[in-house]
$ cat target-v8.txt   # compact mmCIF, C-alpha atoms
# COMPACT_ATOMS: atom_id res chain seq x y z
CA MET K 1 88.64 101.91 85.65
CA ASP K 2 88.71 99.01 88.06
CA SER K 3 91.68 99.68 90.35
CA GLN K 4 91.56 96.12 91.61
CA ARG K 5 92.47 94.77 88.18
CA THR K 6 94.84 97.44 86.96
CA PRO K 7 98.61 97.09 87.28
CA ARG K 8 100.35 100.03 88.84
CA THR K 9 103.91 101.18 88.66
CA SER K 10 105.99 103.04 91.14
CA SER K 11 108.90 105.43 91.32
CA LYS K 12 110.76 107.01 94.21
CA LYS K 13 111.61 110.34 92.60
CA PRO K 14 111.42 112.13 89.27
CA GLN K 15 114.39 112.07 86.92
CA THR K 16 115.00 114.17 83.89
CA GLY K 17 115.50 112.48 80.54
CA THR K 18 115.18 108.90 81.73
CA SER K 19 112.20 106.87 82.78
CA SER K 20 110.96 107.71 86.27
CA ILE K 21 109.77 104.17 86.84
CA ASP K 22 111.94 102.10 89.13
CA LEU K 23 109.54 99.28 89.98
CA TYR K 24 106.60 97.58 88.32
CA ALA K 25 103.81 95.91 90.28
CA ALA K 26 100.44 94.28 89.63
CA GLN K 27 97.59 93.71 92.05
CA CYS K 28 96.10 90.24 92.43
CA ASP K 29 92.50 90.15 91.28
CA GLU K 30 91.62 87.73 94.08
CA CYS K 31 93.47 88.78 97.27
CA HIS K 32 94.37 92.35 96.15
CA LYS K 33 97.99 91.97 97.28
CA TRP K 34 100.68 93.72 95.27
CA ARG K 35 103.24 91.62 93.45
CA VAL K 36 106.46 93.04 92.04
CA ILE K 37 106.84 92.33 88.34
CA ASN K 38 110.40 91.51 87.30
CA SER K 39 110.64 93.53 84.10
CA GLU K 40 108.93 96.20 82.06
CA GLU K 41 108.35 93.64 79.31
CA GLU K 42 106.58 91.26 81.71
CA PHE K 43 104.55 94.17 83.12
CA GLU K 44 103.49 95.22 79.61
CA GLU K 45 102.44 91.64 78.85
CA ILE K 46 100.26 91.54 81.99
CA ARG K 47 98.83 95.02 81.36
CA SER K 48 98.05 94.30 77.69
CA LYS K 49 95.75 91.40 78.64
CA MET K 50 94.32 92.68 81.93
CA SER K 51 90.64 92.49 80.97
CA GLU K 52 90.78 89.04 79.40
CA GLU K 53 93.41 87.56 81.74
CA PRO K 54 93.34 89.22 85.19
CA PHE K 55 96.52 89.00 87.24
CA TYR K 56 96.64 86.45 90.07
CA CYS K 57 99.41 85.76 92.59
CA ASN K 58 99.92 82.23 91.26
CA LYS K 59 101.08 83.66 87.90
CA LYS K 60 104.38 84.25 89.69
CA PRO K 61 106.26 80.98 90.20
CA GLY K 62 106.09 79.73 93.78
CA VAL K 63 103.72 82.50 94.92
CA SER K 64 100.16 82.22 96.20
CA CYS K 65 97.60 84.48 97.81
CA ASP K 66 98.68 83.03 101.18
CA ASP K 67 102.09 84.70 100.86
CA PRO K 68 102.63 88.23 102.18
CA PRO K 69 102.53 91.02 99.56
CA ASP K 70 105.77 91.89 97.76
CA ILE K 71 105.14 95.59 98.29
CA GLU K 72 102.59 97.68 100.17
CA TYR K 73 100.64 100.47 98.53
CA ASN K 74 101.55 103.46 100.67
CA SER K 75 103.18 106.87 100.46
CA THR K 76 106.75 105.65 100.92
CA ARG K 77 106.96 105.91 97.13
CA THR K 78 104.94 107.66 94.43
CA TRP K 79 102.52 105.36 92.59
CA ALA K 80 100.94 105.64 89.15
CA ILE K 81 98.16 103.59 87.62
CA ASP K 82 98.53 102.60 84.00
CA LYS K 83 95.59 101.91 81.73
CA PRO K 84 94.60 98.26 81.45
CA ASP K 85 94.77 96.61 78.03
CA LEU K 86 97.30 99.13 76.73
CA GLN K 87 99.13 97.34 73.93
CA LYS K 88 102.73 96.31 74.37
CA THR K 89 105.48 98.53 73.04
CA PRO K 90 106.63 97.28 69.62
CA GLU K 91 109.83 95.24 69.69
CA GLY K 92 112.97 97.35 69.55
CA PHE K 93 111.26 100.47 70.88
CA LYS K 94 111.28 101.56 74.52
CA ARG K 95 108.48 103.41 76.33
CA HIS K 96 109.67 106.03 78.81
CA LEU K 97 107.55 107.70 81.44
CA VAL K 98 108.94 110.80 83.12
CA LEU K 99 107.39 112.32 86.22
CA ARG K 100 107.05 116.07 86.10
CA LYS K 101 108.77 118.01 88.89
CA ASP K 102 105.41 119.11 90.26
CA TYR K 103 104.18 115.47 90.28
CA SER K 104 101.17 116.53 88.21
CA LYS K 105 101.57 113.79 85.60
CA LEU K 106 103.90 111.51 83.74
CA ASP K 107 104.97 112.40 80.22
CA ALA K 108 105.13 109.43 77.86
CA TYR K 109 107.56 109.16 74.98
CA TYR K 110 109.33 106.43 73.03
CA ILE K 111 112.93 105.74 72.18
CA THR K 112 113.36 104.24 68.70
CA PRO K 113 115.79 101.39 68.00
CA LYS K 114 118.09 104.07 66.58
CA GLY K 115 118.03 106.01 69.87
CA LYS K 116 115.78 108.86 68.73
CA LYS K 117 113.30 110.23 71.27
CA VAL K 118 109.77 110.68 69.85
CA ARG K 119 106.95 112.38 71.71
CA THR K 120 103.98 112.17 69.32
CA ARG K 121 102.29 109.80 66.89
CA ASN K 122 103.24 112.15 64.07
CA GLU K 123 106.93 111.84 65.01
CA ILE K 124 106.55 108.04 65.14
CA ALA K 125 104.86 108.04 61.71
CA ALA K 126 107.68 110.15 60.26
CA PHE K 127 110.31 107.82 61.77
CA LEU K 128 108.57 104.73 60.39
CA LYS K 129 108.27 106.34 56.94
CA GLU K 130 111.99 107.20 56.96
CA ASN K 131 112.88 103.69 58.14
CA PRO K 132 110.96 101.11 56.06
CA ILE K 133 112.89 98.35 57.86
CA TYR K 134 110.17 98.60 60.54
CA LYS K 135 107.36 97.52 58.22
CA GLY K 136 104.50 95.90 60.07
CA ILE K 137 104.66 98.60 62.76
CA SER K 138 102.36 101.60 62.51
CA ALA K 139 101.96 104.80 64.48
CA SER K 140 98.74 103.39 65.96
CA ASP K 141 100.87 100.74 67.74
CA PHE K 142 102.12 103.46 70.11
CA ASP K 143 100.10 104.94 72.96
CA PHE K 144 101.18 108.20 74.54
CA ALA K 145 98.60 108.04 77.32
CA SER K 146 100.09 108.78 80.71
CA PRO K 147 99.50 106.69 83.79
CA LYS K 148 97.54 108.53 86.48
CA VAL K 149 99.65 109.78 89.38
CA MET K 150 97.97 108.69 92.60
CA GLU K 151 97.58 111.81 94.71
CA ASP K 152 97.72 110.01 98.07
CA THR K 153 101.33 109.01 97.40
CA ILE K 154 102.70 112.39 96.30
CA PRO K 155 105.28 113.58 98.85
CA GLU K 156 103.93 116.16 101.27
CA ILE K 157 106.66 118.64 100.38
CA VAL K 158 105.28 118.80 96.83
CA GLY K 159 101.69 119.61 97.78
CA LYS K 160 98.50 118.78 95.99
CA LYS K 161 96.61 120.22 93.15
CA GLY K 162 93.75 122.40 94.19
CA SER K 163 90.36 122.38 92.55
CA GLY K 164 91.27 125.61 90.81
CA SER K 165 93.41 126.15 87.75
CA SER K 166 95.83 123.42 86.84
CA HIS K 167 98.38 126.12 86.01
CA LYS K 168 98.84 127.10 89.65
CA LYS K 169 102.15 126.21 91.23
CA MET K 170 102.18 123.40 93.75
CA ARG K 171 102.86 124.44 97.32
CA PRO K 172 103.94 122.38 100.31
CA LEU K 173 101.22 120.54 102.21
CA LYS K 174 100.49 120.81 105.87
CA ASP K 175 99.25 117.71 107.68
CA GLU K 176 97.44 116.38 104.60
CA GLU K 177 97.71 112.99 102.95
CA GLU K 178 97.99 112.71 99.20
CA THR K 179 97.84 109.75 96.82
CA GLY K 180 99.98 109.32 93.76
CA SER K 181 101.05 106.71 91.27
CA VAL K 182 103.96 106.59 88.91

$ encode --input "target-v8.txt" --output "C-alpha cells"
Amino acid sequence: MDSQRTPRTSSKKPQTGTSSIDLYAAQCDECHKWRVINSEEEFEEIRSKMSEEPFYCNKKPGVSCDDPPDIEYNSTRTWAIDKPDLQKTPEGFKRHLVLRKDYSKLDAYYITPKGKKVRTRNEIAAFLKENPIYKGISASDFDFASPKVMEDTIPEIVGKKGSGSSHKKMRPLKDEEETGSV
C-alpha cells in the first residue's frame, strides 16, 4: 500500500460505542503535506477514488502545496491508515470505527438508517432482506476492513505489540516510540 497516496484518519482517544475518529485527513500526492478533510463523506469520496484520482492540495479551495500543512503526522494523536479505493458507505448508513482499548485495531461496524448496529455482512444481508425499501444496496456494498493503527502514534502508556502472541496484554513502554493510525 502506497502510504503517500492513502488518506489517513486520526483520533485522540478510544470511545466505547461511538466512532473513535475525530478528524479526517488526506496526504497530498505531490508535496506529502497533510490536509484536514471537512467531513467523513468528503473523506470517503477522496478515499474511494484514490488510485484513479490522487489527492492534491489544490483540491481544497484556496489551498496549494506552498501553504503549511493543516496537521502534522506525529504522536500527539493516534493515526490510522484506511485502505485506498474502499467504496463509499451507502446513503443512509453510517460507518463507525472504534479503537480497541489496547490500541491493537479498529473495529468496523455500520449503523443502519433505522439505527441498528450491524457488525457483519450476514447481518447487513439480513437487514436488507427485512427492509426491501433499500433495494439497489447489497451486502457487498459494505466493507468491514479496519484501518491499520500506526504503531508510532500509539501512546507510550499503552505499549506496543511484541512479536509474540497477539493475545498478550499490552504493557507500558519505556523510552520507545510507537506509530499508530486511527

$ atom_distance --input "target-v8.txt" --atom1 "atom CA of K:Cys65" --atom2 "atom CA of K:Glu151"
27.5 Å

$ residues_around --input "target-v8.txt" --residues "K:Pro68" --least-positions-apart "2" --cutoff "12 Å" --atoms "all atoms listed in the file" --output "VMD selection string"
chain K and resid 28 31 to 36 57 63 to 66 70 to 72

$ closest_residue --input "target-v8.txt" --among "K:Lys129, K:Arg47, K:Arg121, K:Lys135" --to "K:Ile81" --atoms "all atoms listed in the file"
K:Arg47

$ closest_residue --input "target-v8.txt" --among "K:Ala26, K:Val98, K:Ile37, K:Leu86" --to "K:Val149" --atoms "all atoms listed in the file"
K:Val98

$ atom_distance --input "target-v8.txt" --atom1 "atom CA of K:Pro113" --atom2 "atom CA of K:Phe93"
5.4 Å

$ atom_distance --input "target-v8.txt" --atom1 "atom CA of K:Pro147" --atom2 "atom CA of K:Asn58"
25.6 Å

$ closest_residue --input "target-v8.txt" --among "K:Arg77, K:Lys88, K:Lys49, K:Arg95" --to "K:Asp107" --atoms "all atoms listed in the file"
K:Arg95

$ residues_near_point --input "target-v8.txt" --point "(112.5, 95.7, 83.5)" --cutoff "10 Å" --atoms "all atoms listed in the file" --output "PDB file with C-alpha atoms, keeping the file's coordinate frame"
ATOM      1  CA  ILE K  21     109.770 104.170  86.840  1.00  0.00           C
ATOM      2  CA  ASP K  22     111.940 102.100  89.130  1.00  0.00           C
ATOM      3  CA  LEU K  23     109.540  99.280  89.980  1.00  0.00           C
ATOM      4  CA  TYR K  24     106.600  97.580  88.320  1.00  0.00           C
ATOM      5  CA  ILE K  37     106.840  92.330  88.340  1.00  0.00           C
ATOM      6  CA  ASN K  38     110.400  91.510  87.300  1.00  0.00           C
ATOM      7  CA  SER K  39     110.640  93.530  84.100  1.00  0.00           C
ATOM      8  CA  GLU K  40     108.930  96.200  82.060  1.00  0.00           C
ATOM      9  CA  GLU K  41     108.350  93.640  79.310  1.00  0.00           C
ATOM     10  CA  GLU K  42     106.580  91.260  81.710  1.00  0.00           C
ATOM     11  CA  PHE K  43     104.550  94.170  83.120  1.00  0.00           C
ATOM     12  CA  GLU K  44     103.490  95.220  79.610  1.00  0.00           C
TER      13      GLU K  44
END

$ residues_around --input "target-v8.txt" --residues "K:Arg119" --least-positions-apart "2" --cutoff "7 Å" --atoms "only C-alpha atoms" --output "number ranges by chain"
K: 109-110, 117, 123

$ write_last_selection --input "target-v8.txt" --atoms "C-alpha atoms" --output "short mmCIF file (atom, residue, chain, number, x, y, z; two decimals), keeping the file's coordinate frame"
data_model
loop_
_atom_site.label_atom_id
_atom_site.label_comp_id
_atom_site.auth_asym_id
_atom_site.auth_seq_id
_atom_site.Cartn_x
_atom_site.Cartn_y
_atom_site.Cartn_z
CA TYR K 109 107.56 109.16 74.98
CA TYR K 110 109.33 106.43 73.03
CA LYS K 117 113.30 110.23 71.27
CA GLU K 123 106.93 111.84 65.01
#

$ closest_residue --input "target-v8.txt" --among "K:Asp143, K:Asp152, K:Glu52, K:Asp85" --to "K:Asn122" --atoms "all atoms listed in the file"
K:Asp143

$ axis_aligned_box --input "target-v8.txt" --around "stretch 111-128 of chain K" --padding-each-side "4 Å" --output "AutoDock Vina command-line options"
--center_x 110.2 --center_y 106.9 --center_z 66.2 --size_x 23.8 --size_y 19.0 --size_z 19.9

$ decode --input "target-v8.txt" --residues "stretch 51-65 of chain K" --atoms "all heavy atoms" --output "compact mmCIF listing (two decimals), in the first residue's frame"
# COMPACT_ATOMS: atom_id res chain seq x y z
N SER K 51 -6.82 5.71 -6.19
CA SER K 51 -5.92 5.22 -7.24
C SER K 51 -6.10 5.96 -8.56
O SER K 51 -5.13 6.28 -9.24
CB SER K 51 -6.13 3.72 -7.48
OG SER K 51 -5.68 2.99 -6.37
N GLU K 52 -7.34 6.24 -8.91
CA GLU K 52 -7.59 6.92 -10.19
C GLU K 52 -7.50 8.43 -10.09
O GLU K 52 -7.20 9.10 -11.07
CB GLU K 52 -8.95 6.49 -10.76
CG GLU K 52 -10.11 6.83 -9.86
CD GLU K 52 -11.41 6.17 -10.30
OE1 GLU K 52 -11.41 4.95 -10.45
OE2 GLU K 52 -12.40 6.91 -10.47
N GLU K 53 -7.76 9.00 -8.91
CA GLU K 53 -7.70 10.44 -8.71
C GLU K 53 -6.96 10.74 -7.41
O GLU K 53 -7.58 10.96 -6.37
CB GLU K 53 -9.11 11.03 -8.61
CG GLU K 53 -9.93 10.95 -9.86
CD GLU K 53 -11.33 11.51 -9.66
OE1 GLU K 53 -11.51 12.43 -8.81
OE2 GLU K 53 -12.25 11.04 -10.34
N PRO K 54 -5.62 10.73 -7.43
CA PRO K 54 -4.87 11.01 -6.20
C PRO K 54 -5.26 12.37 -5.61
O PRO K 54 -5.71 13.27 -6.31
CB PRO K 54 -3.41 11.03 -6.67
CG PRO K 54 -3.41 10.30 -7.96
CD PRO K 54 -4.76 10.52 -8.58
N PHE K 55 -5.08 12.50 -4.32
CA PHE K 55 -5.40 13.75 -3.63
C PHE K 55 -4.25 14.74 -3.79
O PHE K 55 -3.09 14.40 -3.63
CB PHE K 55 -5.65 13.50 -2.14
CG PHE K 55 -5.93 14.74 -1.38
CD1 PHE K 55 -7.19 15.32 -1.42
CD2 PHE K 55 -4.94 15.36 -0.63
CE1 PHE K 55 -7.46 16.49 -0.72
CE2 PHE K 55 -5.20 16.54 0.06
CZ PHE K 55 -6.46 17.10 0.02
N TYR K 56 -4.60 15.98 -4.10
CA TYR K 56 -3.64 17.08 -4.19
C TYR K 56 -4.16 18.25 -3.37
O TYR K 56 -5.38 18.44 -3.24
CB TYR K 56 -3.44 17.54 -5.65
CG TYR K 56 -2.80 16.48 -6.50
CD1 TYR K 56 -3.58 15.74 -7.40
CD2 TYR K 56 -1.44 16.21 -6.41
CE1 TYR K 56 -2.99 14.75 -8.18
CE2 TYR K 56 -0.86 15.21 -7.19
CZ TYR K 56 -1.64 14.49 -8.07
OH TYR K 56 -1.07 13.51 -8.83
N CYS K 57 -3.25 19.04 -2.83
CA CYS K 57 -3.61 20.20 -2.00
C CYS K 57 -4.64 21.09 -2.68
O CYS K 57 -5.57 21.57 -2.05
CB CYS K 57 -2.37 21.03 -1.66
SG CYS K 57 -1.23 20.21 -0.52
N ASN K 58 -4.48 21.31 -3.99
CA ASN K 58 -5.36 22.25 -4.69
C ASN K 58 -6.80 21.75 -4.83
O ASN K 58 -7.65 22.46 -5.34
CB ASN K 58 -4.78 22.66 -6.04
CG ASN K 58 -4.66 21.51 -7.02
OD1 ASN K 58 -5.12 20.41 -6.75
ND2 ASN K 58 -4.01 21.77 -8.14
N LYS K 59 -7.08 20.53 -4.37
CA LYS K 59 -8.47 20.06 -4.36
C LYS K 59 -9.26 20.74 -3.25
O LYS K 59 -10.48 20.72 -3.26
CB LYS K 59 -8.53 18.54 -4.21
CG LYS K 59 -8.13 17.81 -5.48
CD LYS K 59 -8.42 16.34 -5.39
CE LYS K 59 -8.07 15.68 -6.72
NZ LYS K 59 -8.36 14.25 -6.70
N LYS K 60 -8.53 21.34 -2.29
CA LYS K 60 -9.18 22.13 -1.26
C LYS K 60 -9.19 23.58 -1.73
O LYS K 60 -8.15 24.10 -2.13
CB LYS K 60 -8.44 22.02 0.07
CG LYS K 60 -8.63 20.69 0.77
CD LYS K 60 -8.04 20.70 2.15
CE LYS K 60 -8.87 21.54 3.07
NZ LYS K 60 -8.51 21.45 4.47
N PRO K 61 -10.33 24.24 -1.73
CA PRO K 61 -10.40 25.62 -2.21
C PRO K 61 -9.40 26.54 -1.49
O PRO K 61 -9.30 26.52 -0.27
CB PRO K 61 -11.84 26.04 -1.90
CG PRO K 61 -12.60 24.76 -1.77
CD PRO K 61 -11.62 23.75 -1.25
N GLY K 62 -8.66 27.30 -2.28
CA GLY K 62 -7.73 28.28 -1.73
C GLY K 62 -6.48 27.70 -1.11
O GLY K 62 -5.75 28.40 -0.40
N VAL K 63 -6.19 26.43 -1.36
CA VAL K 63 -5.02 25.78 -0.76
C VAL K 63 -4.08 25.32 -1.87
O VAL K 63 -4.52 24.85 -2.91
CB VAL K 63 -5.44 24.57 0.11
CG1 VAL K 63 -4.23 23.85 0.68
CG2 VAL K 63 -6.37 25.02 1.24
N SER K 64 -2.78 25.44 -1.62
CA SER K 64 -1.78 24.94 -2.56
C SER K 64 -0.67 24.25 -1.78
O SER K 64 -0.60 24.35 -0.55
CB SER K 64 -1.20 26.09 -3.40
OG SER K 64 -0.28 26.84 -2.63
N CYS K 65 0.22 23.63 -2.49
CA CYS K 65 1.35 22.95 -1.87
C CYS K 65 2.29 23.94 -1.17
O CYS K 65 3.09 23.54 -0.32
CB CYS K 65 2.12 22.13 -2.90
SG CYS K 65 1.24 20.65 -3.46
